[in-house]
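Here's the structure we're looking at; comments come further down.
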Amino acid sequence: MMKSGLLRLSESPTAKRIITRAPLSRSFAQRFVAGDTLREALDAARALNDAGLTVSLDYLGESVASREEADEAARMAIEILEAITHEGLDANLSIKPTQLGLDIDEAFCRANIERVLTRARELGTSPGEIFVRLDMESSAYTERTVALVESLWADGFTNVGTVLQTMLRRTPDDVARLTALGSRIRLVKGAYQEPETVAFPDKADTDRTYVECMETMLESGTYPALATHDEQIIDAARRFTWERGISKDSFEFQMLYGVRRDLQTRLQEEGYRVRVYVPFGDSWYPYLMRRLAERPANVLFMAGSVVKEARADGAALSKPAMAVGAGFLAGLAAAIAWRRRR
């Protein structure tokens, strides 16, 4: 109920206007979004690199309506790649196909992606670098995105991969397709409202599929990215790799900027590779609402991550405004939903 409400709010212009104008909600968003500008994102990436963490930079935006917007997104993607090289960052790029024009024209989108991948290849210090991840969107785009990666690989662009969501019933087959190709996969649980015909309604099925796909990917040797904050799944990955003798250098954990920084640090100190997904830009509203909606408990989870970090540091709760911000967003979401029902 809360998940569907938050996802509806992520698409509501009225809710966006109310929430983005509220100072407390914007303050809360700043915890999980690196800033509005590339400079702010680069500074955040530098701080993470200095802490031994790698980065994936994501200029927020999706479902653009014009060729001009898509061209601008491609230009920004190339600017990000050039900044990564210029500043010597250990980072790569994430971008959504609809941000590059997939809803406008597939050939146009493909041309924009090729522009980005070509520049990434030129800037890389070895074949396959700088790596570019095509973020996955709703199930309406899954086949098109997977097929696009296959097509790009067929044309020699091996510095591209995508994301698969284990809430979708088709994902084990997609894992098989992309691991056979040799492409890198980021595995996530999923953050979109989907019908039961294509997605598991129960969290237990999503989690079970995650572990099964994770094990397939870890044995494939294609450098998978395990994107999760679920400590049970993280522990399952640690056990599986230890039992199978899989090197810690052959995969990475990925986590969201601002979420469980204590866990990020602990895994890095244990010798695991950890990459932090760093979003930036003024289109933070739908991103944040989907993160809250991934699981209804995420509203409390995000606030709770602040509490856990403070305890891990042995500090008093010095950031109560963040927890208040989480409660504020949840209360505001409920209030807007109630008003709409009325």
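Ordering of the structure tokens sets the chain letters (A, B, ...), residue numbers begin anew at 1 in every chain, and ligands are numbered from 1 in the order given.
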Any chance you could tabulate, as a Markdown table, the residues of segment 203-267 of chain A at most 7 Å from segment 186-198 of chain A with each one's nearest atom pair and distance in Å to one decimal, using only C-alpha atoms, in chain and rising number order?
```
| residue | atom | partner | partner_atom | distance |
| --- | --- | --- | --- | --- |
| A:Thr206 | CA | A:Lys189 | CA | 6.5 |
| A:Tyr210 | CA | A:Lys189 | CA | 6.9 |
| A:Pro224 | CA | A:Arg186 | CA | 6.1 |
| A:Ala225 | CA | A:Arg186 | CA | 4.5 |
| A:Leu226 | CA | A:Leu187 | CA | 5.3 |
| A:Ala227 | CA | A:Val188 | CA | 5.3 |
| A:Thr228 | CA | A:Val188 | CA | 6.5 |
```
DSSP on the backbone, strand (DSSP E) only: what residues of segment 81-181 of chain A does that give? Format it as a ChimeraX atom specification.
/A:91-95,132-134,160-165
Out of A:Arg39, A:Arg208, A:Arg67, A:Arg121, which residue has the shortest atom-to-atom distance to Thr158 of chain A when counting only C-alpha atoms?
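For Thr158 of chain A, the nearest of the candidates is A:Arg121.
With distances restricted to only C-alpha atoms, A:Arg170 is the closest residue to Thr209 of chain A from A:Lys248, A:Asp43, A:Arg31, A:Arg170.
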In segment 77-207 of chain A, DSSP alpha helix (DSSP H) residues written as a ChimeraX atom specification
/A:77-86,106-123,142-154,171-181,203-207
Find the residues near Leu181 of chain A: any atom within 12 Å, counting only C-alpha atoms, skip ones fewer than 2 places away on the same chain, and give them as an MDAnalysis selection string.
chainID A and resid 146:147 149:154 156:158 160:161 174:179 183:185 220:222
Same residues, N, CA, C and O atoms, saved as a JSON list (two decimals), in the first residue's frame:
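Written output follows (result-v4.json):
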```
[["chain", "number", "residue", "atom", "x", "y", "z"],
["A", 146, "VAL", "N", 18.16, -4.94, -22.46],
["A", 146, "VAL", "CA", 19.01, -6.12, -22.58],
["A", 146, "VAL", "C", 19.42, -6.33, -24.04],
["A", 146, "VAL", "O", 20.59, -6.59, -24.34],
["A", 147, "ALA", "N", 18.47, -6.20, -24.96],
["A", 147, "ALA", "CA", 18.77, -6.36, -26.39],
["A", 147, "ALA", "C", 19.74, -5.28, -26.87],
["A", 147, "ALA", "O", 20.60, -5.54, -27.73],
["A", 149, "VAL", "N", 22.12, -3.85, -25.07],
["A", 149, "VAL", "CA", 23.46, -4.24, -24.63],
["A", 149, "VAL", "C", 24.02, -5.34, -25.54],
["A", 149, "VAL", "O", 25.19, -5.28, -25.96],
["A", 150, "GLU", "N", 23.21, -6.33, -25.88],
["A", 150, "GLU", "CA", 23.66, -7.39, -26.78],
["A", 150, "GLU", "C", 24.09, -6.83, -28.13],
["A", 150, "GLU", "O", 25.13, -7.21, -28.69],
["A", 151, "SER", "N", 23.32, -5.88, -28.64],
["A", 151, "SER", "CA", 23.63, -5.28, -29.94],
["A", 151, "SER", "C", 24.91, -4.46, -29.88],
["A", 151, "SER", "O", 25.74, -4.51, -30.80],
["A", 152, "LEU", "N", 25.08, -3.72, -28.80],
["A", 152, "LEU", "CA", 26.29, -2.90, -28.64],
["A", 152, "LEU", "C", 27.53, -3.79, -28.53],
["A", 152, "LEU", "O", 28.57, -3.49, -29.12],
["A", 153, "TRP", "N", 27.42, -4.89, -27.79],
["A", 153, "TRP", "CA", 28.54, -5.82, -27.70],
["A", 153, "TRP", "C", 28.87, -6.42, -29.07],
["A", 153, "TRP", "O", 30.05, -6.58, -29.41],
["A", 154, "ALA", "N", 27.83, -6.72, -29.83],
["A", 154, "ALA", "CA", 28.06, -7.29, -31.16],
["A", 154, "ALA", "C", 28.83, -6.33, -32.06],
["A", 154, "ALA", "O", 29.56, -6.76, -32.96],
["A", 156, "GLY", "N", 31.14, -4.31, -30.87],
["A", 156, "GLY", "CA", 32.46, -4.06, -30.29],
["A", 156, "GLY", "C", 32.48, -3.16, -29.07],
["A", 156, "GLY", "O", 33.56, -2.87, -28.54],
["A", 157, "PHE", "N", 31.33, -2.71, -28.61],
["A", 157, "PHE", "CA", 31.29, -1.85, -27.42],
["A", 157, "PHE", "C", 31.16, -2.73, -26.18],
["A", 157, "PHE", "O", 30.07, -2.95, -25.65],
["A", 158, "THR", "N", 32.31, -3.22, -25.71],
["A", 158, "THR", "CA", 32.30, -4.12, -24.56],
["A", 158, "THR", "C", 32.47, -3.37, -23.24],
["A", 158, "THR", "O", 32.59, -4.00, -22.19],
["A", 160, "VAL", "N", 30.21, -1.63, -21.84],
["A", 160, "VAL", "CA", 28.84, -1.30, -21.43],
["A", 160, "VAL", "C", 28.20, -2.53, -20.79],
["A", 160, "VAL", "O", 28.44, -3.67, -21.18],
["A", 161, "GLY", "N", 27.38, -2.27, -19.78],
["A", 161, "GLY", "CA", 26.60, -3.32, -19.13],
["A", 161, "GLY", "C", 25.30, -2.72, -18.65],
["A", 161, "GLY", "O", 25.00, -1.55, -18.91],
["A", 174, "ASP", "N", 17.58, -13.56, -18.10],
["A", 174, "ASP", "CA", 18.39, -12.42, -18.54],
["A", 174, "ASP", "C", 19.82, -12.52, -18.00],
["A", 174, "ASP", "O", 20.78, -12.14, -18.68],
["A", 175, "VAL", "N", 19.96, -13.04, -16.77],
["A", 175, "VAL", "CA", 21.29, -13.27, -16.22],
["A", 175, "VAL", "C", 22.05, -14.25, -17.11],
["A", 175, "VAL", "O", 23.23, -14.05, -17.44],
["A", 176, "ALA", "N", 21.38, -15.32, -17.53],
["A", 176, "ALA", "CA", 22.02, -16.31, -18.42],
["A", 176, "ALA", "C", 22.43, -15.67, -19.74],
["A", 176, "ALA", "O", 23.54, -15.92, -20.24],
["A", 177, "ARG", "N", 21.56, -14.83, -20.31],
["A", 177, "ARG", "CA", 21.88, -14.17, -21.58],
["A", 177, "ARG", "C", 23.12, -13.29, -21.47],
["A", 177, "ARG", "O", 24.03, -13.35, -22.31],
["A", 178, "LEU", "N", 23.16, -12.48, -20.43],
["A", 178, "LEU", "CA", 24.23, -11.49, -20.33],
["A", 178, "LEU", "C", 25.54, -12.08, -19.82],
["A", 178, "LEU", "O", 26.62, -11.62, -20.21],
["A", 179, "THR", "N", 25.47, -13.10, -18.96],
["A", 179, "THR", "CA", 26.72, -13.74, -18.54],
["A", 179, "THR", "C", 27.33, -14.54, -19.69],
["A", 179, "THR", "O", 28.56, -14.58, -19.83],
["A", 183, "SER", "N", 29.02, -9.79, -20.40],
["A", 183, "SER", "CA", 28.73, -8.44, -19.94],
["A", 183, "SER", "C", 28.60, -8.38, -18.42],
["A", 183, "SER", "O", 28.09, -9.31, -17.78],
["A", 184, "ARG", "N", 29.04, -7.27, -17.86],
["A", 184, "ARG", "CA", 28.90, -7.04, -16.44],
["A", 184, "ARG", "C", 27.45, -6.69, -16.09],
["A", 184, "ARG", "O", 26.78, -5.98, -16.84],
["A", 185, "ILE", "N", 26.99, -7.18, -14.95],
["A", 185, "ILE", "CA", 25.62, -6.96, -14.49],
["A", 185, "ILE", "C", 25.65, -6.36, -13.09],
["A", 185, "ILE", "O", 26.40, -6.83, -12.22],
["A", 220, "SER", "N", 30.40, -16.87, -12.84],
["A", 220, "SER", "CA", 30.57, -16.60, -14.27],
["A", 220, "SER", "C", 31.88, -15.92, -14.60],
["A", 220, "SER", "O", 32.32, -15.94, -15.76],
["A", 221, "GLY", "N", 32.49, -15.26, -13.62],
["A", 221, "GLY", "CA", 33.73, -14.54, -13.87],
["A", 221, "GLY", "C", 33.56, -13.25, -14.66],
["A", 221, "GLY", "O", 34.50, -12.78, -15.32],
["A", 222, "THR", "N", 32.36, -12.65, -14.60],
["A", 222, "THR", "CA", 32.09, -11.43, -15.38],
["A", 222, "THR", "C", 32.05, -10.19, -14.49],
["A", 222, "THR", "O", 31.42, -9.20, -14.85]]
```
Neighbouring residues of segment 255-258 of chain A were defined as those with any atom within 12 Å, considering only C-alpha atoms; residues of the same chain fewer than 2 positions away were excluded. Please report them as a PyMOL selection string.
chain A and resi 28-35+41+44-45+47-48+53-58+186-188+225-231+234+252-253+260-265+267-268+273-280+287-288+291+301-306+309+322
Of the candidates A:Ala83, A:Leu89, A:Ile95, A:Ala237, which one gets nearest to Tyr59 of chain A if we count only C-alpha atoms?
A:Ile95
Nearest residue to Thr37 of chain A out of A:Asp207, A:Glu79, A:Asp50, A:Asp71, using only C-alpha atoms?
A:Glu79
